[in-house]
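Shown next: structure34.txt, given as compact mmCIF, C-alpha atoms and all ligand atoms.
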# COMPACT_ATOMS: atom_id res chain seq x y z
CA MET E 1 42.74 138.76 20.11
CA ALA E 2 43.62 141.79 22.21
CA PHE E 3 45.01 144.98 20.74
CA ASN E 4 48.81 144.89 20.90
CA ASP E 5 50.28 148.40 21.07
CA ARG E 6 53.72 147.56 22.50
CA PHE E 7 55.39 148.67 19.31
CA LEU E 8 53.72 152.10 19.18
CA LYS E 9 54.31 152.61 22.90
CA ALA E 10 58.01 151.85 22.51
CA CYS E 11 58.21 154.27 19.57
CA ARG E 12 56.90 156.94 21.95
CA ARG E 13 59.31 155.78 24.71
CA GLU E 14 56.47 154.69 26.96
CA PRO E 15 56.80 151.66 29.27
CA VAL E 16 55.79 148.29 27.80
CA ASP E 17 55.00 144.81 29.21
CA ALA E 18 57.68 143.23 26.98
CA THR E 19 60.05 144.54 24.30
CA PRO E 20 58.29 144.70 20.92
CA VAL E 21 59.95 142.94 18.00
CA TRP E 22 59.53 142.87 14.23
CA LEU E 23 62.01 141.97 11.48
CA MET E 24 63.04 144.05 8.53
CA ARG E 25 62.02 142.18 5.36
CA GLN E 26 59.81 139.93 7.43
CA ALA E 27 57.41 139.67 4.49
CA GLY E 28 59.51 137.73 2.05
CA ARG E 29 61.36 134.82 0.66
CA TYR E 30 62.34 132.89 3.82
CA LEU E 31 58.61 132.06 4.21
CA ARG E 32 57.29 129.08 2.25
CA GLU E 33 53.90 130.82 2.05
CA TYR E 34 55.61 133.73 0.25
CA ARG E 35 57.49 131.47 -2.16
CA ASP E 36 54.26 129.65 -3.05
CA ILE E 37 52.72 132.92 -4.22
CA ARG E 38 55.98 134.09 -5.81
CA ALA E 39 56.02 130.94 -7.96
CA LYS E 40 52.88 132.23 -9.68
CA TYR E 41 53.60 135.95 -10.14
CA ASP E 42 56.52 138.22 -10.84
CA PHE E 43 57.60 140.53 -8.05
CA LEU E 44 56.20 143.82 -9.36
CA THR E 45 52.84 142.20 -10.10
CA MET E 46 52.73 141.04 -6.49
CA CYS E 47 53.41 144.57 -5.28
CA LYS E 48 50.70 146.00 -7.54
CA ARG E 49 47.97 143.57 -6.56
CA PRO E 50 46.60 144.93 -3.27
CA ASP E 51 44.98 141.59 -2.38
CA ILE E 52 48.30 139.74 -2.79
CA ALA E 53 50.36 142.44 -1.07
CA ALA E 54 47.93 142.36 1.87
CA GLU E 55 48.10 138.59 2.15
CA ILE E 56 51.92 138.59 2.17
CA THR E 57 51.99 141.41 4.73
CA LEU E 58 49.96 139.27 7.13
CA GLN E 59 52.00 136.06 6.70
CA PRO E 60 54.76 136.88 9.22
CA VAL E 61 52.25 138.32 11.71
CA ASP E 62 50.50 134.97 11.88
CA LYS E 63 53.60 132.82 11.58
CA LEU E 64 56.14 134.63 13.80
CA GLY E 65 53.99 136.50 16.31
CA VAL E 66 55.77 139.81 15.67
CA ASP E 67 54.46 143.01 17.26
CA ALA E 68 54.09 144.98 14.02
CA ALA E 69 53.26 144.33 10.39
CA ILE E 70 55.22 146.03 7.63
CA LEU E 71 53.51 146.53 4.32
CA PHE E 72 54.71 144.24 1.55
CA ALA E 73 55.90 146.66 -1.12
CA ASP E 74 59.28 147.94 -2.28
CA ILE E 75 61.25 151.14 -1.90
CA LEU E 76 61.57 151.38 -5.69
CA LEU E 77 57.83 151.48 -6.49
CA PRO E 78 57.64 155.31 -6.63
CA LEU E 79 60.25 155.34 -9.39
CA GLU E 80 57.79 154.39 -12.11
CA GLY E 81 55.69 157.52 -11.56
CA MET E 82 58.87 159.56 -11.88
CA GLY E 83 59.30 158.26 -15.41
CA ILE E 84 61.99 155.75 -14.52
CA ASP E 85 61.97 152.42 -16.27
CA LEU E 86 62.32 149.82 -13.50
CA GLU E 87 62.62 146.06 -13.83
CA PHE E 88 63.33 143.32 -11.32
CA ALA E 89 65.54 141.13 -13.47
CA LYS E 90 65.79 137.46 -12.54
CA GLY E 91 68.79 136.81 -10.30
CA GLU E 92 70.05 140.39 -10.69
CA GLY E 93 67.82 142.47 -8.46
CA PRO E 94 66.50 145.84 -9.56
CA VAL E 95 67.62 147.26 -12.91
CA ILE E 96 66.86 150.75 -14.23
CA HIS E 97 67.04 151.03 -17.99
CA ASN E 98 67.26 154.84 -18.14
CA PRO E 99 69.60 155.87 -15.29
CA VAL E 100 69.76 159.56 -14.41
CA ARG E 101 73.24 160.97 -15.01
CA THR E 102 72.91 164.60 -16.11
CA LYS E 103 71.11 167.79 -15.16
CA ALA E 104 68.84 167.28 -18.18
CA ASP E 105 67.92 163.81 -16.89
CA VAL E 106 67.08 165.31 -13.48
CA VAL E 107 64.87 167.98 -15.05
CA LYS E 108 62.84 165.25 -16.78
CA ILE E 109 62.01 163.49 -13.50
CA GLN E 110 58.34 163.94 -12.72
CA VAL E 111 57.05 164.73 -9.27
CA ILE E 112 53.45 163.52 -9.33
CA GLU E 113 51.00 162.80 -6.56
CA ALA E 114 51.60 159.48 -4.80
CA GLU E 115 47.89 158.66 -5.14
CA GLU E 116 48.37 158.78 -8.88
CA ALA E 117 51.76 157.02 -9.05
CA THR E 118 51.13 154.23 -6.55
CA PRO E 119 47.39 153.94 -5.81
CA TYR E 120 47.79 150.20 -5.20
CA VAL E 121 49.96 150.89 -2.12
CA ALA E 122 47.16 152.86 -0.44
CA GLU E 123 44.69 150.15 -1.41
CA ALA E 124 46.86 147.40 0.12
CA ILE E 125 47.21 149.41 3.36
CA LYS E 126 43.43 149.71 3.67
CA ILE E 127 42.97 145.96 3.19
CA VAL E 128 45.70 145.13 5.72
CA ARG E 129 44.25 147.48 8.35
CA ARG E 130 40.84 145.88 7.89
CA GLU E 131 42.22 142.35 8.15
CA LEU E 132 44.50 143.07 11.10
CA GLU E 133 41.51 144.28 13.13
CA GLY E 134 43.92 146.05 15.47
CA ARG E 135 45.93 142.91 16.32
CA VAL E 136 49.22 144.75 15.66
CA PRO E 137 50.03 148.14 14.11
CA LEU E 138 50.99 148.49 10.45
CA ILE E 139 54.25 150.15 9.38
CA GLY E 140 54.51 151.91 6.04
CA PHE E 141 57.91 152.64 4.52
CA SER E 142 59.95 154.39 1.88
CA GLY E 143 63.53 154.53 0.75
CA ALA E 144 65.47 157.60 1.88
CA PRO E 145 66.42 160.14 -0.79
CA PHE E 146 70.04 158.93 -0.96
CA THR E 147 69.20 155.23 -1.25
CA LEU E 148 66.69 155.99 -4.00
CA ALA E 149 69.15 158.31 -5.75
CA SER E 150 71.81 155.63 -5.65
CA TYR E 151 69.57 153.27 -7.66
CA ILE E 152 68.35 155.98 -9.98
CA VAL E 153 71.85 157.21 -10.83
CA GLU E 154 73.73 153.90 -10.79
CA GLY E 155 70.96 152.04 -12.64
CA SER E 156 71.23 149.05 -10.27
CA GLY E 157 72.79 148.11 -6.97
CA SER E 158 76.42 149.20 -6.72
CA ARG E 159 79.58 148.43 -4.79
CA ASP E 160 81.24 151.83 -5.05
CA TYR E 161 78.47 154.29 -6.02
CA ARG E 162 80.85 155.88 -8.48
CA TYR E 163 78.18 157.51 -10.65
CA ALA E 164 76.23 158.88 -7.71
CA LYS E 165 79.34 160.23 -6.02
CA ALA E 166 80.71 161.58 -9.29
CA MET E 167 77.47 163.53 -9.72
CA MET E 168 77.91 165.06 -6.24
CA TYR E 169 81.41 166.18 -7.14
CA GLU E 170 81.19 167.22 -10.78
CA ALA E 171 77.55 168.29 -11.06
CA PRO E 172 76.51 169.37 -7.57
CA GLU E 173 73.63 171.41 -8.96
CA ALA E 174 72.18 168.34 -10.65
CA TRP E 175 72.73 166.28 -7.51
CA HIS E 176 70.97 168.76 -5.25
CA ALA E 177 68.11 169.16 -7.73
CA LEU E 178 67.69 165.37 -7.78
CA MET E 179 67.73 165.11 -3.99
CA GLU E 180 65.24 167.94 -3.68
CA LYS E 181 62.83 166.14 -5.99
CA LEU E 182 63.34 162.89 -4.12
CA ALA E 183 62.70 164.51 -0.74
CA GLU E 184 59.35 165.75 -2.08
CA ILE E 185 58.48 162.37 -3.62
CA VAL E 186 59.34 160.50 -0.40
CA THR E 187 57.29 162.99 1.64
CA ARG E 188 54.25 162.55 -0.61
CA TYR E 189 54.65 158.76 -0.70
CA LEU E 190 54.78 158.47 3.11
CA ARG E 191 51.95 160.99 3.63
CA MET E 192 49.79 158.93 1.31
CA GLN E 193 50.58 155.80 3.34
CA ILE E 194 49.73 157.53 6.61
CA LYS E 195 46.48 158.82 5.16
CA ALA E 196 45.61 155.30 4.00
CA GLY E 197 46.20 153.90 7.50
CA ALA E 198 49.91 153.30 8.16
CA GLN E 199 50.40 153.74 11.93
CA ALA E 200 54.17 154.34 11.76
CA VAL E 201 56.58 154.92 8.88
CA GLN E 202 60.14 153.80 8.35
CA MET E 203 62.57 155.50 6.01
CA PHE E 204 65.27 153.06 4.84
CA ASP E 205 68.67 154.58 4.11
CA SER E 206 70.12 151.21 3.21
CA TRP E 207 73.19 152.28 1.28
CA VAL E 208 74.17 155.43 3.17
CA GLY E 209 77.11 153.57 4.72
CA ALA E 210 78.94 154.15 1.45
CA LEU E 211 79.43 157.78 2.48
CA GLY E 212 81.87 159.49 4.78
CA PRO E 213 80.55 162.09 7.22
CA VAL E 214 81.56 165.04 5.02
CA ASP E 215 79.54 163.84 2.04
CA TYR E 216 76.65 162.73 4.23
CA GLU E 217 76.38 166.11 5.88
CA LYS E 218 76.69 168.08 2.68
CA HIS E 219 74.96 165.95 0.06
CA VAL E 220 72.43 163.79 1.89
CA MET E 221 71.52 164.84 5.40
CA PRO E 222 69.60 168.02 4.45
CA TYR E 223 67.20 165.97 2.31
CA SER E 224 66.62 163.24 4.90
CA LYS E 225 65.93 166.07 7.33
CA ILE E 226 63.38 167.64 4.96
CA VAL E 227 61.44 164.37 4.87
CA MET E 228 61.56 163.90 8.63
CA ASP E 229 60.55 167.53 9.26
CA ASN E 230 57.73 167.32 6.71
CA LEU E 231 56.27 164.33 8.57
CA ALA E 232 56.70 165.69 12.09
CA ASP E 233 53.06 166.74 12.39
CA GLU E 234 51.45 163.67 10.86
CA GLY E 235 50.89 162.10 14.27
CA VAL E 236 52.67 158.79 13.63
CA PRO E 237 56.16 157.70 14.74
CA ARG E 238 58.93 158.17 12.19
CA ILE E 239 61.61 155.48 12.15
CA HIS E 240 64.85 156.49 10.45
CA PHE E 241 66.96 153.45 9.62
CA ALA E 242 70.50 154.00 8.39
CA ASN E 243 72.39 150.84 7.49
CA ASN E 244 76.13 150.49 7.99
CA ALA E 245 76.15 153.96 9.48
CA SER E 246 77.86 153.59 12.86
CA THR E 247 80.23 156.38 11.90
CA LEU E 248 77.31 158.67 10.98
CA LEU E 249 74.98 158.05 13.91
CA GLU E 250 75.00 161.55 15.42
CA LEU E 251 74.29 163.04 12.01
CA VAL E 252 71.55 160.54 11.23
CA ALA E 253 69.90 161.30 14.58
CA ALA E 254 70.22 165.04 13.90
CA ALA E 255 68.51 164.57 10.52
CA GLY E 256 65.52 163.42 12.54
CA GLY E 257 63.13 160.64 13.41
CA ASP E 258 61.42 159.52 16.60
CA VAL E 259 63.17 156.15 16.41
CA ILE E 260 66.64 155.56 14.98
CA GLY E 261 67.26 152.12 13.45
CA VAL E 262 70.80 150.80 13.84
CA ASP E 263 72.69 147.89 12.32
CA TRP E 264 74.74 145.31 14.25
CA ARG E 265 78.18 146.78 13.64
CA ILE E 266 77.93 148.77 16.87
CA ASN E 267 76.80 147.74 20.36
CA LEU E 268 73.31 148.99 21.12
CA ASP E 269 74.27 150.78 24.36
CA ILE E 270 76.98 152.78 22.61
CA ALA E 271 74.65 153.55 19.71
CA TRP E 272 71.89 154.80 22.01
CA GLU E 273 74.29 156.99 23.95
CA ARG E 274 75.43 158.59 20.69
CA ILE E 275 71.91 158.98 19.30
CA GLY E 276 70.66 160.47 22.57
CA TYR E 277 68.03 159.17 24.98
CA ASP E 278 65.47 161.64 23.67
CA LYS E 279 64.96 159.21 20.79
CA ALA E 280 63.88 155.57 20.72
CA ILE E 281 66.17 152.96 19.16
CA GLN E 282 65.47 149.98 16.92
CA GLY E 283 67.78 147.02 16.42
CA ASN E 284 70.17 145.41 16.24
CA LEU E 285 70.80 141.66 15.89
CA ASP E 286 73.05 140.56 13.02
CA PRO E 287 70.58 138.82 10.67
CA ILE E 288 73.08 136.01 10.10
CA THR E 289 72.87 135.10 13.81
CA LEU E 290 69.65 133.34 12.79
CA PHE E 291 71.75 130.70 11.01
CA GLY E 292 73.31 129.76 14.37
CA PRO E 293 71.84 127.46 17.01
CA VAL E 294 68.88 128.64 19.09
CA GLU E 295 71.04 128.85 22.26
CA CYS E 296 73.34 131.29 20.49
CA ILE E 297 70.40 133.36 19.26
CA GLU E 298 69.13 133.53 22.86
CA ASP E 299 72.53 134.63 24.14
CA ARG E 300 72.60 137.47 21.65
CA VAL E 301 69.04 138.48 22.50
CA LYS E 302 70.05 138.64 26.18
CA ASP E 303 73.07 140.73 25.32
CA ILE E 304 71.07 143.26 23.29
CA LEU E 305 68.30 143.46 25.90
CA SER E 306 70.85 144.07 28.64
CA ARG E 307 72.44 146.84 26.59
CA ALA E 308 68.99 148.42 26.21
CA GLY E 309 69.00 148.34 30.00
CA GLY E 310 65.23 148.17 30.39
CA LEU E 311 64.89 151.81 29.29
CA PRO E 312 61.61 152.62 27.57
CA GLY E 313 62.02 153.09 23.83
CA HIS E 314 63.73 149.93 22.55
CA ILE E 315 62.22 148.09 19.61
CA PHE E 316 63.97 144.81 18.91
CA ASN E 317 64.80 144.15 15.26
CA LEU E 318 67.54 142.75 13.10
CA GLY E 319 70.32 145.11 12.11
CA HIS E 320 69.26 144.71 8.46
CA GLY E 321 66.80 142.59 6.44
CA ILE E 322 66.29 138.92 7.22
CA HIS E 323 68.28 136.67 4.85
CA LYS E 324 66.17 134.74 2.35
CA ASP E 325 67.52 131.33 3.44
CA THR E 326 66.87 131.88 7.17
CA PRO E 327 65.28 128.87 8.89
CA VAL E 328 61.76 129.99 9.85
CA GLU E 329 61.97 128.13 13.18
CA HIS E 330 64.91 130.33 14.14
CA ALA E 331 63.00 133.51 13.32
CA GLN E 332 60.15 132.16 15.46
CA ALA E 333 62.58 131.29 18.26
CA LEU E 334 63.96 134.83 18.12
CA VAL E 335 60.56 136.48 18.53
CA GLU E 336 59.64 134.10 21.36
CA ALA E 337 62.98 134.72 23.11
CA VAL E 338 62.68 138.52 22.91
CA HIS E 339 59.22 138.40 24.49
CA ARG E 340 60.15 135.88 27.19
CA LEU E 341 63.48 137.43 28.17
CA SER E 342 62.17 141.00 28.25
CA GLN E 343 58.99 140.33 30.26
CA ARG E 344 58.56 143.23 32.69
O1 LIG B 401 60.21 144.47 5.26
C1 LIG B 401 59.30 143.88 4.62
O2 LIG B 401 58.98 142.72 4.83
C2 LIG B 401 58.50 144.66 3.61
C3 LIG B 401 58.87 144.37 2.28
C4 LIG B 401 60.09 144.99 1.68
C5 LIG B 401 60.61 144.54 0.44
N1 LIG B 401 61.59 145.39 0.06
C6 LIG B 401 60.12 143.39 -0.30
C7 LIG B 401 61.01 142.76 -1.30
C8 LIG B 401 60.85 146.10 2.06
C9 LIG B 401 60.77 146.91 3.33
C10 LIG B 401 61.78 146.34 1.01
C11 LIG B 401 62.71 147.47 1.02
C12 LIG B 401 63.81 147.49 0.06
N2 LIG B 401 63.79 147.17 -1.27
C13 LIG B 401 65.08 148.00 0.35
C14 LIG B 401 65.47 148.59 1.66
C15 LIG B 401 65.52 147.55 2.70
C16 LIG B 401 66.86 147.01 2.97
O3 LIG B 401 66.97 145.80 3.03
O4 LIG B 401 67.77 147.82 3.21
C17 LIG B 401 65.86 147.90 -0.81
C18 LIG B 401 67.31 148.28 -0.94
C19 LIG B 401 65.04 147.39 -1.84
C20 LIG B 401 65.39 147.18 -3.26
C21 LIG B 401 65.28 145.75 -3.57
N3 LIG B 401 64.07 145.09 -3.77
C22 LIG B 401 66.31 144.78 -3.63
C23 LIG B 401 67.79 145.07 -3.49
C24 LIG B 401 65.69 143.55 -3.86
C25 LIG B 401 66.34 142.20 -3.90
C26 LIG B 401 66.68 141.71 -5.24
C27 LIG B 401 67.05 140.24 -5.15
O5 LIG B 401 66.54 139.49 -5.96
O6 LIG B 401 67.79 139.87 -4.23
C28 LIG B 401 64.31 143.76 -3.93
C29 LIG B 401 63.26 142.76 -4.17
C30 LIG B 401 62.40 142.44 -3.01
N4 LIG B 401 61.80 143.38 -2.22
C31 LIG B 401 62.00 141.16 -2.59
C32 LIG B 401 61.11 141.34 -1.52
C33 LIG B 401 60.34 140.31 -0.76
C34 LIG B 401 62.40 139.85 -3.22
C35 LIG B 401 61.60 139.66 -4.45
C36 LIG B 401 61.57 138.23 -4.89
O7 LIG B 401 60.76 137.47 -4.35
O8 LIG B 401 62.33 137.88 -5.80
structure tokens encoding of this file:
Amino acid sequence: MAFNDRFLKACRREPVDATPVWLMRQAGRYLREYRDIRAKYDFLTMCKRPDIAAEITLQPVDKLGVDAAILFADILLPLEGMGIDLEFAKGEGPVIHNPVRTKADVVKIQVIEAEEATPYVAEAIKIVRRELEGRVPLIGFSGAPFTLASYIVEGSGSRDYRYAKAMMYEAPEAWHALMEKLAEIVTRYLRMQIKAGAQAVQMFDSWVGALGPVDYEKHVMPYSKIVMDNLADEGVPRIHFANNASTLLELVAAAGGDVIGVDWRINLDIAWERIGYDKAIQGNLDPITLFGPVECIEDRVKDILSRAGGLPGHIFNLGHGIHKDTPVEHAQALVEAVHRLSQR
């Protein structure tokens, strides 16, 4: 099969033959092939076995025909090397048994080399690159400092982020020390992935929508910017995805990234105007659209493509991760529709 570089070209805002498309969380539970493996192993074991992680990474490439692979891993993997006790509890999602709440807790966090903390991630990347044989590029990823901090401080997912926000307000020194460590850990983790063969990297700021612009600018943005700046000379596109962040878009774009990922709560044309045309844009179909009929999915694809206006630098994606109960045929129909309707 020919080398498909639509995705990397779009990241660089170069013209493409058709709009590239991949789906956040494309390696996961909506695929029967994933669930078959998941029935035999727990989630962290799957992440730590490079052969399994590589196999799962390739599943959506073969099944959906997407234009990029994203490594099967998790944003929380670097936490273990920091000395944080992480568990994926059944039915509950991630749980941290020793949440970080005080300055003393922050001081104890270890900043070790990514090669030492997560060698299995580099190993999986090497296997995937070998097995892809250039069919599509491979994306590496990390959580953004704030999204990681929110888990580390809250101890789990959260609705209101009260512990994280309370730390910003009552112990700003501890908060900034934590974010500084996380910016360094994220930098090292992504550099390791690039060195191992990741051809683009995405930083997920999944929970940043919990913040107003004042807190984002003061408590978060400087650290996202450090990561983006640190990676500017690595020679691979940097995707900066901020979920539920329509009200923060200018700030997110100013923090940096070659591509800004946007959710579906804003029309793509408005989002791009606010981000600026000197950056590429990724998005932004509501993942739940995939539960609707194929005709409706196609209508929405047309709408998003028309808002992108044929400008170079649009990567089609969902506005957030694909839902675990999504019908696979609808994900396939989406990818096919994006390619067909965007043919240049
Ligand atoms: O995009 C991909 O296909 C790559 C794989 C990937 C996973 N997690 C695999 C996974 C990626 C990119 C992530 C990122 C991730 N992990 C984020 C940011 C992305 C986003 O959606 O905003 C977050 C917040 C996490 C933390 C995390 N890991 C959560 C909240 C959960 C879900 C818990 C649950 O049971 O609902 C996970 C587990 C997880 N990560 C699964 C997968 C496939 C499901 C594990 C399972 O099979 O039970």
Worksheet item: Counting only C-alpha atoms, what is within 7 Å of stretch 186-201 of chain E, bar same-chain residues fewer than 3 positions away, as a PyMOL selection string?
Response: chain E and resi 113-115+122+125-126+129+137-142+182-183+227+230+236-239
Discussion item. Let me see if you get this right: every residue at most 8 Å from ligand LIG 401 (chain B), counting all atoms listed in the file, written as an NGL selection string.
Written reply: :E and (23-29 or 34-35 or 38 or 42-43 or 57 or 70-76 or 88-94 or 141-143 or 147 or 157 or 204-207 or 243 or 320-321)
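Proximity to E:Asp51 at 9 Å, evaluated using all atoms listed in the file and with sequence-adjacent residues fewer than 5 positions away removed, yields Met46, Ile56, Glu123, Ala124, Ile127 and Val128 of chain E.
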Those residues with C-alpha atoms, as a PDB file, in the frame of the given file please?
ATOM      1  CA  MET E  46      52.730 141.040  -6.490  1.00  0.00           C
ATOM      2  CA  ILE E  56      51.920 138.590   2.170  1.00  0.00           C
ATOM      3  CA  GLU E 123      44.690 150.150  -1.410  1.00  0.00           C
ATOM      4  CA  ALA E 124      46.860 147.400   0.120  1.00  0.00           C
ATOM      5  CA  ILE E 127      42.970 145.960   3.190  1.00  0.00           C
ATOM      6  CA  VAL E 128      45.700 145.130   5.720  1.00  0.00           C
TER       7      VAL E 128
END
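When only C-alpha atoms are used to measure the gap to E:Val259, the shortest distance among E:Leu318, E:Leu64, E:Val111, E:Ala10 belongs to E:Ala10.
Of the residues under consideration (E:Ile226, E:Ala255, E:Val66, E:Ala149), E:Ala149 shows the shortest atom-to-atom contact distance to E:Ala164 when counting only C-alpha atoms.
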